[in-house]
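See below for the structure under consideration.
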Amino acid sequence: MSSIAKPIANGRSATGIPTARLITWWVIASEIVIFGGLLAVYIMHRLGHPEWGAAAAHTNTVAGAFNTFVLLTSSLCAVLAHKAADEHNGPRAAKLLCLTSLGGLIFLTIKGFEWAKDIREGFVISSGGFWSYYYTLAGLHGLHVLAGMIIMLIVAADAAKNQELQRVECIGLYWHFVDIVWIFLFPLLYIAR
Amino acid sequence: MSETMTTESHVHHPDYVKIWAVLVALLLVSVGGAMSNIRGVVLVAAFGVALVKAYLVAKNFMHVTVEKRFVPYLLLMMIAFIVILFAGVAPDVMKHGGLRWSNDAAKQTVESGMKAAPKNE
């Protein structure tokens, strides 16, 4: 560990791992409860309402699958950025983080087109139980993607100057979690009919 | 620069591109399975593959398995809370009637919904 005076979140590791990473794990733990609770409630309603299958048939599986591909690829960029940071190659880590953010932007753009089409066809959040969950789950996930993109660009700005490279792994952990949430949302919202 | 402190390289970096290729292949399997329209195949291809994909991301990209042991325990504890929530609430939501109760509104919603829905099988 470095002996340079640093904020406590960067240097202290009372639990055996740096506090910044510990905080990231706590954030992820709390997010598991948020998304897990929503998913659990959606699944139990979905099982109790077979008629939702007809509504689910309106979602675009190809768009959902492509968005899964985009998020998996952006996760690859995030973990390669972590590797670059471990090798003290800040500029490469920054480039890879920017690519990860670009993945998030592509994801949100496709989601925007999808939602616009759904809304044009009359499927809005109040159209029924399925659509209520669809917009809530995908919307909350989209907000997490947006937040991740913004934080990632801030981390990338520092990483480009070889500063605060420990943050690259933390934002990567968050991004992978957002990816995992989508891995479950895709079959639930786009495949199960 | 003096501020190049990174995490204390606690992970071995595997071939991430290979893992990504496996994840993409699994995605294709889940989409292919979904197109089969056979209920069992769809469920396994969608949710079974999703579990495998999530495990691969957690293990190889998040390095959960080489993290301090309390971290995976912490995450598993959160998942256990969700299981408890599901077990406690699901019977009331998934069933629309029991020995001394009946959720008539839900029954009507399902009936009218099924009548209105186009037959897809």
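Labeling convention for the structure tokens: chains A, B, ... as they appear, residues from 1 per chain, ligands from 1 in order of appearance.
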
> Where in segment 24-174 of chain A does DSSP assign helix (DSSP H, G or I), given as a ChimeraX atom specification?
Replying inline: /A:24-48,52-56,61-86,90-120,129-159,166-174

Convert the current residue selection to file output with C-alpha atoms, as a tab-separated table (two decimals), in the first residue's frame.
```tsv
chain	number	residue	atom	x	y	z
A	24	THR	CA	-18.56	-0.57	-3.72
A	25	TRP	CA	-19.46	-4.06	-2.49
A	26	TRP	CA	-21.87	-2.54	0.04
A	27	VAL	CA	-23.50	-0.50	-2.73
A	28	ILE	CA	-23.83	-3.66	-4.81
A	29	ALA	CA	-25.28	-5.54	-1.81
A	30	SER	CA	-27.94	-2.85	-1.36
A	31	GLU	CA	-28.64	-2.87	-5.09
A	32	ILE	CA	-29.20	-6.64	-4.93
A	33	VAL	CA	-32.02	-6.00	-2.49
A	34	ILE	CA	-33.50	-3.23	-4.66
A	35	PHE	CA	-33.41	-5.10	-7.98
A	36	GLY	CA	-33.87	-8.53	-6.37
A	37	GLY	CA	-37.00	-7.35	-4.57
A	38	LEU	CA	-38.45	-5.92	-7.76
A	39	LEU	CA	-37.58	-9.02	-9.76
A	40	ALA	CA	-39.02	-11.34	-7.10
A	41	VAL	CA	-42.29	-9.41	-7.01
A	42	TYR	CA	-42.43	-9.34	-10.82
A	43	ILE	CA	-41.83	-13.11	-11.04
A	44	MET	CA	-44.57	-13.94	-8.54
A	45	HIS	CA	-47.06	-11.68	-10.34
A	46	ARG	CA	-46.00	-13.05	-13.71
A	47	LEU	CA	-46.60	-16.63	-12.50
A	48	GLY	CA	-50.00	-15.63	-11.13
A	52	TRP	CA	-49.30	-11.12	-19.17
A	53	GLY	CA	-47.69	-13.42	-21.72
A	54	ALA	CA	-49.66	-11.70	-24.47
A	55	ALA	CA	-48.32	-8.30	-23.38
A	56	ALA	CA	-44.77	-9.67	-23.15
A	61	THR	CA	-36.49	-9.83	-28.50
A	62	VAL	CA	-33.92	-8.82	-31.12
A	63	ALA	CA	-33.47	-5.38	-29.55
A	64	GLY	CA	-33.21	-6.95	-26.09
A	65	ALA	CA	-30.65	-9.50	-27.32
A	66	PHE	CA	-28.59	-6.83	-29.05
A	67	ASN	CA	-28.63	-4.73	-25.88
A	68	THR	CA	-27.41	-7.78	-23.94
A	69	PHE	CA	-24.55	-8.11	-26.43
A	70	VAL	CA	-23.74	-4.40	-26.01
A	71	LEU	CA	-23.65	-4.65	-22.21
A	72	LEU	CA	-21.54	-7.83	-22.27
A	73	THR	CA	-19.08	-6.10	-24.59
A	74	SER	CA	-18.99	-2.98	-22.41
A	75	SER	CA	-18.31	-5.23	-19.39
A	76	LEU	CA	-15.36	-6.68	-21.30
A	77	CYS	CA	-14.04	-3.13	-21.83
A	78	ALA	CA	-14.53	-2.37	-18.12
A	79	VAL	CA	-12.56	-5.41	-16.97
A	80	LEU	CA	-9.81	-4.71	-19.52
A	81	ALA	CA	-9.66	-1.18	-18.07
A	82	HIS	CA	-9.18	-2.75	-14.62
A	83	LYS	CA	-6.34	-4.85	-16.01
A	84	ALA	CA	-4.74	-1.76	-17.58
A	85	ALA	CA	-5.05	0.08	-14.24
A	86	ASP	CA	-3.36	-2.82	-12.46
A	90	GLY	CA	-3.84	4.97	-16.91
A	91	PRO	CA	-4.30	6.31	-20.44
A	92	ARG	CA	-5.27	2.84	-21.74
A	93	ALA	CA	-7.63	2.36	-18.79
A	94	ALA	CA	-9.22	5.74	-19.59
A	95	LYS	CA	-9.73	4.82	-23.25
A	96	LEU	CA	-11.35	1.53	-22.27
A	97	LEU	CA	-13.59	3.28	-19.75
A	98	CYS	CA	-14.71	5.69	-22.48
A	99	LEU	CA	-15.53	2.68	-24.68
A	100	THR	CA	-17.52	1.21	-21.79
A	101	SER	CA	-19.46	4.46	-21.53
A	102	LEU	CA	-20.06	4.36	-25.27
A	103	GLY	CA	-21.60	0.92	-24.76
A	104	GLY	CA	-23.92	2.44	-22.17
A	105	LEU	CA	-24.88	5.19	-24.61
A	106	ILE	CA	-25.69	2.65	-27.35
A	107	PHE	CA	-27.74	0.64	-24.83
A	108	LEU	CA	-29.77	3.69	-23.78
A	109	THR	CA	-30.29	4.80	-27.39
A	110	ILE	CA	-31.71	1.42	-28.37
A	111	LYS	CA	-33.86	1.43	-25.23
A	112	GLY	CA	-35.11	4.90	-26.16
A	113	PHE	CA	-36.17	3.74	-29.65
A	114	GLU	CA	-37.84	0.67	-28.14
A	115	TRP	CA	-39.79	2.72	-25.61
A	116	ALA	CA	-40.79	5.28	-28.24
A	117	LYS	CA	-42.21	2.47	-30.40
A	118	ASP	CA	-44.02	0.89	-27.43
A	119	ILE	CA	-45.54	4.22	-26.42
A	120	ARG	CA	-46.59	5.01	-30.04
A	129	GLY	CA	-49.50	-5.02	-14.86
A	130	PHE	CA	-46.85	-6.25	-17.26
A	131	TRP	CA	-46.17	-2.79	-18.70
A	132	SER	CA	-46.00	-1.29	-15.25
A	133	TYR	CA	-43.21	-3.70	-14.31
A	134	TYR	CA	-41.58	-3.42	-17.73
A	135	TYR	CA	-41.14	0.35	-17.51
A	136	THR	CA	-40.22	0.29	-13.81
A	137	LEU	CA	-37.60	-2.44	-14.10
A	138	ALA	CA	-36.08	-1.29	-17.39
A	139	GLY	CA	-36.32	2.37	-16.33
A	140	LEU	CA	-34.56	1.81	-13.00
A	141	HIS	CA	-31.91	-0.24	-14.78
A	142	GLY	CA	-31.52	2.50	-17.40
A	143	LEU	CA	-30.98	5.07	-14.64
A	144	HIS	CA	-28.21	2.88	-13.24
A	145	VAL	CA	-26.62	2.67	-16.69
A	146	LEU	CA	-26.75	6.47	-16.98
A	147	ALA	CA	-25.25	6.97	-13.50
A	148	GLY	CA	-22.51	4.44	-14.29
A	149	MET	CA	-21.65	6.22	-17.54
A	150	ILE	CA	-21.30	9.60	-15.81
A	151	ILE	CA	-19.17	8.24	-12.97
A	152	MET	CA	-17.07	6.27	-15.47
A	153	LEU	CA	-16.25	9.40	-17.47
A	154	ILE	CA	-15.19	11.19	-14.27
A	155	VAL	CA	-12.97	8.23	-13.32
A	156	ALA	CA	-11.59	8.11	-16.88
A	157	ALA	CA	-10.60	11.81	-16.71
A	158	ASP	CA	-8.39	11.08	-13.68
A	159	ALA	CA	-7.15	7.76	-15.03
A	166	GLN	CA	-7.90	2.29	-7.82
A	167	ARG	CA	-11.26	3.78	-8.81
A	168	VAL	CA	-11.18	1.96	-12.16
A	169	GLU	CA	-11.84	-1.38	-10.49
A	170	CYS	CA	-14.61	0.07	-8.30
A	171	ILE	CA	-16.61	1.53	-11.18
A	172	GLY	CA	-15.97	-1.69	-13.10
A	173	LEU	CA	-17.52	-3.74	-10.28
A	174	TYR	CA	-20.61	-1.53	-10.37
```

>> Excluding His96 of chain B and its own-chain neighbours fewer than 2 positions away, which residues fall within 7 Å of it when counting only C-alpha atoms? Please give them as a VMD selection string.
In response: chain B and resid 94 102 to 103 106 to 107

> Can you list, as a ChimeraX atom specification, every protein, DNA or RNA residue that comes within 9 Å of segment 20-37 of chain B when you count only C-alpha atoms, leaving out same-chain residues fewer than 3 positions away?
Replying inline: /A:61-62,65,68-69,72-73,75-76,187,191-192 /B:15-17,40-50,52-53,56-57,121

Export of the given selection (C-alpha atoms) as a compact mmCIF listing (two decimals), in the first residue's frame:
```
# COMPACT_ATOMS: atom_id res chain seq x y z
CA THR A 61 -36.49 -9.83 -28.50
CA VAL A 62 -33.92 -8.82 -31.12
CA ALA A 65 -30.65 -9.50 -27.32
CA THR A 68 -27.41 -7.78 -23.94
CA PHE A 69 -24.55 -8.11 -26.43
CA LEU A 72 -21.54 -7.83 -22.27
CA THR A 73 -19.08 -6.10 -24.59
CA SER A 75 -18.31 -5.23 -19.39
CA LEU A 76 -15.36 -6.68 -21.30
CA PRO A 187 -35.24 -13.38 -20.30
CA ILE A 191 -38.22 -14.15 -23.69
CA ALA A 192 -40.79 -15.49 -21.17
CA ASP B 15 -8.16 -14.26 -20.93
CA TYR B 16 -11.13 -11.92 -20.76
CA VAL B 17 -11.83 -12.00 -24.50
CA GLY B 40 -39.24 -26.45 -21.22
CA VAL B 41 -36.53 -25.51 -23.72
CA VAL B 42 -37.41 -21.81 -23.46
CA LEU B 43 -37.21 -21.87 -19.67
CA VAL B 44 -33.87 -23.71 -19.55
CA ALA B 45 -32.38 -21.68 -22.41
CA ALA B 46 -33.51 -18.38 -20.91
CA PHE B 47 -33.16 -18.74 -17.17
CA GLY B 48 -30.63 -21.57 -16.91
CA VAL B 49 -28.31 -19.78 -19.31
CA ALA B 50 -28.90 -16.47 -17.48
CA VAL B 52 -24.55 -19.41 -15.97
CA LYS B 53 -23.87 -16.02 -17.59
CA LEU B 56 -19.31 -16.19 -15.29
CA VAL B 57 -19.48 -12.39 -14.98
CA GLU B 121 -49.75 -21.82 -29.12
```

> Given the choices A:Val181, A:Leu165, A:Ile23, A:Leu188, which gets closest to chain B if the distance is worked out from only C-alpha atoms?
Replying inline: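 Using only C-alpha atoms, chain B sits closest to A:Leu165.
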
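Of the residues listed (A:Ala14, A:Gly128, A:His49, A:Glu121), A:His49 shows the shortest atom-to-atom separation from chain B; distances use only C-alpha atoms.
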
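For the set A:Val124, A:Asn60, A:Leu185, A:Glu51, the residue with the smallest atom-to-atom gap to chain B is A:Glu51, counting only C-alpha atoms.
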